[in-house]
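J.: Structure supplied as model-v1.txt; contents: compact mmCIF, C-alpha atoms.
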# COMPACT_ATOMS: atom_id res chain seq x y z
CA MET A 1 -1.51 24.82 -3.64
CA ASN A 2 -3.69 22.52 -5.72
CA ARG A 3 -1.59 19.38 -5.96
CA SER A 4 -2.31 16.54 -8.37
CA ILE A 5 -2.42 12.89 -7.26
CA SER A 6 -0.99 9.77 -8.90
CA VAL A 7 -2.41 6.49 -7.59
CA ILE A 8 0.08 3.65 -8.13
CA ILE A 9 -1.24 0.09 -7.97
CA PRO A 10 1.22 -2.86 -7.94
CA THR A 11 -0.50 -5.97 -9.29
CA LEU A 12 0.15 -9.67 -9.71
CA ASN A 13 -2.81 -11.84 -10.72
CA GLU A 14 -5.48 -9.53 -9.29
CA SER A 15 -8.22 -10.13 -11.86
CA GLY A 16 -10.78 -10.69 -9.11
CA ASN A 17 -10.13 -7.34 -7.44
CA ILE A 18 -8.49 -4.93 -9.83
CA GLN A 19 -11.61 -3.48 -11.44
CA ALA A 20 -13.06 -2.43 -8.09
CA THR A 21 -9.67 -1.12 -6.97
CA ILE A 22 -9.16 1.01 -10.06
CA SER A 23 -12.76 2.23 -10.04
CA SER A 24 -12.36 3.48 -6.48
CA ALA A 25 -9.40 5.61 -7.58
CA LEU A 26 -10.91 7.04 -10.77
CA VAL A 27 -12.96 9.74 -9.12
CA ASP A 28 -12.36 12.26 -11.90
CA ASP A 29 -9.99 13.14 -14.72
CA THR A 30 -7.53 14.87 -12.42
CA ILE A 31 -6.45 11.59 -10.78
CA GLU A 32 -3.73 9.68 -12.58
CA VAL A 33 -3.95 5.92 -12.05
CA ILE A 34 -0.93 3.75 -12.84
CA VAL A 35 -0.97 -0.04 -12.74
CA ALA A 36 2.52 -1.50 -12.32
CA ASP A 37 2.20 -5.20 -13.10
CA GLY A 38 4.73 -7.81 -12.04
CA GLY A 39 3.90 -10.44 -14.66
CA SER A 40 0.26 -11.43 -14.21
CA ILE A 41 -0.91 -14.53 -16.07
CA ASP A 42 -4.62 -13.94 -15.49
CA ASN A 43 -6.81 -11.11 -16.86
CA THR A 44 -5.33 -8.35 -14.71
CA VAL A 45 -3.64 -6.67 -17.66
CA ASP A 46 -6.69 -6.78 -19.94
CA ILE A 47 -8.99 -5.43 -17.25
CA SER A 48 -6.59 -2.61 -16.39
CA LEU A 49 -6.15 -1.56 -20.00
CA SER A 50 -9.90 -1.66 -20.61
CA LEU A 51 -10.36 0.95 -17.87
CA GLY A 52 -8.02 3.37 -19.60
CA VAL A 53 -5.38 3.68 -16.91
CA LYS A 54 -1.66 4.06 -17.44
CA PHE A 55 0.01 0.64 -17.47
CA ILE A 56 3.62 -0.45 -17.08
CA LEU A 57 5.36 -3.80 -16.68
CA SER A 58 7.90 -4.20 -13.90
CA ASP A 59 10.20 -6.72 -12.32
CA THR A 60 8.17 -8.79 -9.86
CA GLY A 61 8.14 -7.58 -6.26
CA ARG A 62 5.88 -5.01 -4.69
CA ALA A 63 8.71 -2.56 -3.91
CA ASN A 64 10.07 -2.81 -7.46
CA GLN A 65 6.61 -2.35 -8.94
CA MET A 66 5.73 0.67 -6.82
CA ASN A 67 9.06 2.33 -7.61
CA THR A 68 8.57 1.62 -11.32
CA GLY A 69 5.09 3.12 -11.22
CA ALA A 70 6.35 6.17 -9.35
CA SER A 71 9.05 6.72 -11.96
CA ILE A 72 6.43 7.50 -14.64
CA ALA A 73 3.96 9.32 -12.38
CA ASN A 74 3.10 12.94 -13.07
CA GLY A 75 1.40 13.77 -9.76
CA ASP A 76 2.78 15.97 -7.01
CA ILE A 77 1.34 13.48 -4.53
CA LEU A 78 1.94 9.72 -4.77
CA LEU A 79 -0.57 7.26 -3.30
CA PHE A 80 0.34 3.57 -3.23
CA LEU A 81 -2.70 1.29 -3.37
CA HIS A 82 -2.67 -2.50 -3.11
CA GLY A 83 -4.44 -4.33 -5.90
CA ASP A 84 -7.06 -5.77 -3.53
CA THR A 85 -7.87 -2.54 -1.68
CA ARG A 86 -10.55 0.08 -2.37
CA LEU A 87 -10.27 3.77 -1.61
CA PRO A 88 -13.11 5.65 0.12
CA ASP A 89 -15.21 8.33 -1.57
CA ASN A 90 -13.51 11.74 -1.68
CA PHE A 91 -10.14 10.20 -0.86
CA ASP A 92 -8.43 12.87 -2.93
CA VAL A 93 -9.85 15.69 -0.82
CA MET A 94 -8.80 13.95 2.39
CA VAL A 95 -5.28 13.28 1.12
CA LYS A 96 -4.73 16.92 0.19
CA GLU A 97 -6.14 18.17 3.49
CA VAL A 98 -3.88 15.87 5.50
CA LEU A 99 -0.71 16.86 3.66
CA GLN A 100 -1.44 20.56 4.24
CA LYS A 101 -1.23 20.14 8.02
CA PRO A 102 1.93 21.52 9.66
CA GLY A 103 4.64 18.95 10.17
CA VAL A 104 2.86 16.18 8.24
CA ILE A 105 4.99 14.61 5.51
CA ALA A 106 2.97 11.46 4.80
CA GLY A 107 -0.24 9.70 5.65
CA ALA A 108 -2.41 6.64 5.28
CA PHE A 109 -6.00 5.58 5.86
CA SER A 110 -7.58 3.57 8.62
CA LEU A 111 -8.18 -0.09 7.81
CA GLN A 112 -11.34 -2.09 7.22
CA ILE A 113 -11.08 -5.77 6.27
CA ASP A 114 -13.67 -7.03 3.82
CA ALA A 115 -14.67 -10.22 5.65
CA PRO A 116 -17.34 -10.92 8.30
CA GLN A 117 -15.31 -12.76 10.96
CA ARG A 118 -15.55 -11.08 14.36
CA SER A 119 -11.88 -11.74 15.00
CA LEU A 120 -11.06 -9.41 12.12
CA ARG A 121 -12.80 -6.56 13.92
CA LEU A 122 -10.17 -6.97 16.63
CA ILE A 123 -7.43 -6.91 14.01
CA GLU A 124 -8.85 -3.71 12.54
CA SER A 125 -8.93 -2.07 15.97
CA ALA A 126 -5.36 -3.14 16.72
CA VAL A 127 -4.10 -1.92 13.35
CA ASN A 128 -5.82 1.43 13.69
CA LEU A 129 -4.52 1.97 17.22
CA ARG A 130 -0.98 1.06 16.16
CA SER A 131 -1.17 3.37 13.18
CA ARG A 132 -2.29 6.36 15.21
CA PHE A 133 -0.14 6.00 18.30
CA LEU A 134 3.02 4.61 16.72
CA GLN A 135 2.59 6.34 13.34
CA MET A 136 3.27 3.01 11.63
CA PRO A 137 0.65 2.29 8.96
CA TYR A 138 1.41 -0.52 6.52
CA GLY A 139 0.99 -0.83 2.78
CA ASP A 140 -2.60 -2.10 2.84
CA GLN A 141 -3.63 1.28 4.29
CA ALA A 142 -2.83 3.21 1.09
CA ILE A 143 0.29 5.16 2.05
CA PHE A 144 0.54 8.62 0.48
CA LEU A 145 3.17 11.35 0.47
CA ARG A 146 4.55 14.19 -1.59
CA ARG A 147 6.73 13.23 -4.52
CA GLU A 148 9.67 15.30 -3.28
CA ILE A 149 9.66 13.45 0.05
CA PHE A 150 9.49 10.07 -1.73
CA ASN A 151 12.50 11.00 -3.84
CA GLU A 152 14.35 12.39 -0.84
CA ILE A 153 14.11 9.16 1.18
CA GLY A 154 15.18 7.06 -1.79
CA ASN A 155 11.88 5.44 -2.80
CA PHE A 156 10.77 2.06 -1.44
CA PRO A 157 13.77 -0.04 -0.39
CA PRO A 158 14.18 -2.95 -2.87
CA LEU A 159 13.21 -5.64 -0.37
CA PRO A 160 11.19 -8.82 -1.02
CA ILE A 161 9.18 -8.12 2.17
CA MET A 162 8.92 -5.36 4.84
CA GLU A 163 9.28 -2.56 2.29
CA ASP A 164 6.34 -0.69 3.82
CA PHE A 165 7.67 -1.13 7.36
CA GLU A 166 11.09 0.23 6.36
CA ILE A 167 9.76 3.24 4.45
CA MET A 168 7.63 4.16 7.47
CA ARG A 169 10.71 4.03 9.69
CA ARG A 170 12.48 6.41 7.34
CA LEU A 171 9.52 8.77 7.12
CA LYS A 172 9.10 8.94 10.89
CA ARG A 173 12.58 10.38 11.17
CA LYS A 174 11.55 13.29 8.96
CA GLY A 175 8.12 14.29 10.23
CA LYS A 176 4.63 13.28 11.28
CA ILE A 177 2.62 10.51 9.61
CA ALA A 178 -1.11 11.23 9.80
CA ILE A 179 -3.92 8.67 9.72
CA VAL A 180 -7.23 9.47 8.01
CA ASP A 181 -10.19 8.37 10.12
CA VAL A 182 -12.07 7.06 7.09
CA PRO A 183 -10.91 3.52 6.14
CA VAL A 184 -9.83 1.86 2.97
CA ILE A 185 -11.43 -1.55 2.46
CA THR A 186 -8.99 -4.37 1.87
CA SER A 187 -9.53 -8.03 1.05
CA GLY A 188 -9.56 -10.45 3.95
CA ARG A 189 -8.14 -13.28 1.85
CA ARG A 190 -4.74 -13.58 3.52
CA TRP A 191 -6.34 -13.66 6.97
CA ILE A 192 -8.85 -16.26 5.86
CA LYS A 193 -6.32 -18.41 4.00
CA LYS A 194 -3.85 -18.77 6.87
CA GLY A 195 -6.17 -18.05 9.78
CA VAL A 196 -6.36 -14.89 11.86
CA VAL A 197 -4.21 -16.12 14.74
CA LYS A 198 -1.54 -17.66 12.52
CA THR A 199 -1.38 -14.59 10.27
CA THR A 200 -1.06 -12.27 13.27
CA ILE A 201 1.73 -14.34 14.80
CA MET A 202 3.57 -14.60 11.48
CA ASN A 203 3.37 -10.83 11.01
CA GLN A 204 4.86 -10.18 14.43
CA ILE A 205 7.63 -12.74 13.92
CA ALA A 206 8.50 -11.12 10.58
CA ILE A 207 8.78 -7.69 12.22
CA ILE A 208 10.96 -8.98 15.06
CA ALA A 209 13.16 -10.90 12.65
CA TYR A 210 13.64 -7.80 10.52
CA LEU A 211 14.47 -5.62 13.52
CA ILE A 212 17.14 -8.01 14.78
CA GLY A 213 18.81 -8.08 11.39
CA ILE A 214 17.64 -11.28 9.71
CA SER A 215 17.80 -11.02 5.93
CA PRO A 216 14.52 -9.84 4.32
CA ARG A 217 15.11 -12.52 1.68
CA LEU A 218 15.04 -15.25 4.32
CA ILE A 219 12.03 -13.68 6.02
CA GLY A 220 10.22 -13.55 2.69
CA GLU A 221 11.00 -17.19 1.91
CA TRP A 222 9.67 -18.25 5.30
CA TYR A 223 6.62 -15.98 5.21
CA HIS A 224 5.49 -16.89 1.71
CA GLY A 225 6.64 -20.50 1.85
CA LYS A 226 8.73 -20.21 -1.31
CA LYS A 227 11.95 -18.79 -2.63
CA SER A 228 11.92 -15.00 -3.00
CA GLU A 229 12.66 -13.57 -6.41
Using the file provided, produce a representation of the structure as C-alpha cells.

T.:
Amino acid sequence: MNRSISVIIPTLNESGNIQATISSALVDDTIEVIVADGGSIDNTVDISLSLGVKFILSDTGRANQMNTGASIANGDILLFLHGDTRLPDNFDVMVKEVLQKPGVIAGAFSLQIDAPQRSLRLIESAVNLRSRFLQMPYGDQAIFLRREIFNEIGNFPPLPIMEDFEIMRRLKRKGKIAIVDVPVITSGRRWIKKGVVKTTIMNQIAIIAYLIGISPRLIGEWYHGKKSE
C-alpha cells in the first residue's frame, strides 16, 4: 500500500533552524509538512509560512503541539520532527520500508549531533546502541508510526517532559520499534549549553525520577530550571 506521510514539527522560537528542518522534509509534493507552534516570538512563524507549509498554533508544550499537529494531519503515517533536526535524503522511502516489515509498528532514525566535540561521538554511539537493543528511541530521532497506531495508544501523553519516553513504553507493549541505520542530524546546542557530562547525568536522573513516580511537572521544573506551563 502506498501510504502518505505527514511530518509534524513542534516549534518554539526556532528561527535559526526551522528553514533547514522544513526543507529537509519537503522532498516532494506528496509529503505534508505541519508546523505546530507554541507561541514563538521570533521569526519562526514568518519563515514557516513563507515555505508554504501547513501551520497551526497550539498550547505551549511539545506533547500538546505534536498532538495538535496530528489532529489536522492527512497522512497515513505520522512523523514527529523536532524543530532543530534535519531528515536524511529519501527519508520517506525508508519510513515506508520500515513500517512494511512484519511486527513493526513504529520506528525512528539513528542520531547524529551537529557539533564537533569528540565527546558527542560517544553520546551518538550510546544513543544508537540504546535505541537498537532496548527499542527506546527518543523524540530527537524523528519518531514515526501509522496514524491508526497513534490513535490507538492515545496520542502523546500530555506531559511537560518525558512524553517521548512514555509513548515509546506504550508502543513497545504493542510491537517492534525499528531503527533506521541512516541518521537524522540534530542540533548540539543543549549539549553545548549545559555540557556533555552534565546533560547526560541530568537525562538519566530525569528517567529514573519518572520511573519511580516523581511528577513530570516537578521533573520538568528541575530539568528546565523554571516552572512548567

J.: Could you jot down the CA of Ser119 in chain A to CA of Met136 in chain A separation for me, Å, one decimal place?

T.: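 Distance reported for this atom pair: 21.4 Å.
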
J.: Would you please work out which residue, of A:Gly38, A:Pro10, A:Pro157, A:Pro216, is nearest to Asp140 in chain A when using only C-alpha atoms?

T.: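 The shortest atom-to-atom distance to Asp140 in chain A comes from A:Pro10.
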
J.: As a PyMOL selection string, please: the residues near Thr85 in chain A (cut-off 7 Å, only C-alpha atoms, same-chain neighbours under 2 positions excluded).

T.: chain A and resi 21+81-83+87+140+184-187

J.: Residues at most 8 Å from range 129-135 of chain A, counting only C-alpha atoms, excluding those fewer than 3 positions away in the same chain, as a PyMOL selection string?

T.: chain A and resi 110+125-126+172+176-179

J.: Please list as a VMD selection string every residue within 10 Å of Val45 in chain A, counting all atoms listed in the file and excluding residues in the same chain fewer than 3 positions away.

T.: chain A and resid 11 to 15 18 35 to 37 39 to 42 48 to 50 55 to 57

J.: Nearest residue to Arg169 in chain A out of A:Ile22, A:Gln117, A:Ala106, A:Thr199, using all atoms listed in the file?

T.: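 For Arg169 in chain A, the nearest of the candidates is A:Ala106.
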
J.: Just checking: using only C-alpha atoms, which residue out of A:Gln112, A:Asn43, A:Asn67, A:Asn203 ends up closest to Leu79 in chain A?

T.: A:Asn67

J.: Quick one: contact table of range 103-139 of chain A to range 148-155 of chain A, 12 Å max, nearest atom pair and distance in Å to one decimal per residue, counting all atoms listed in the file, chain and number order, as CSV?

T.:
residue,atom,partner,partner_atom,distance
A:Val104,CA,A:Ile149,CA,11.0
A:Ile105,CA,A:Ile149,CA,7.3
A:Ala106,CA,A:Ile149,CA,8.4
A:Gly107,CA,A:Ile149,CA,12.0
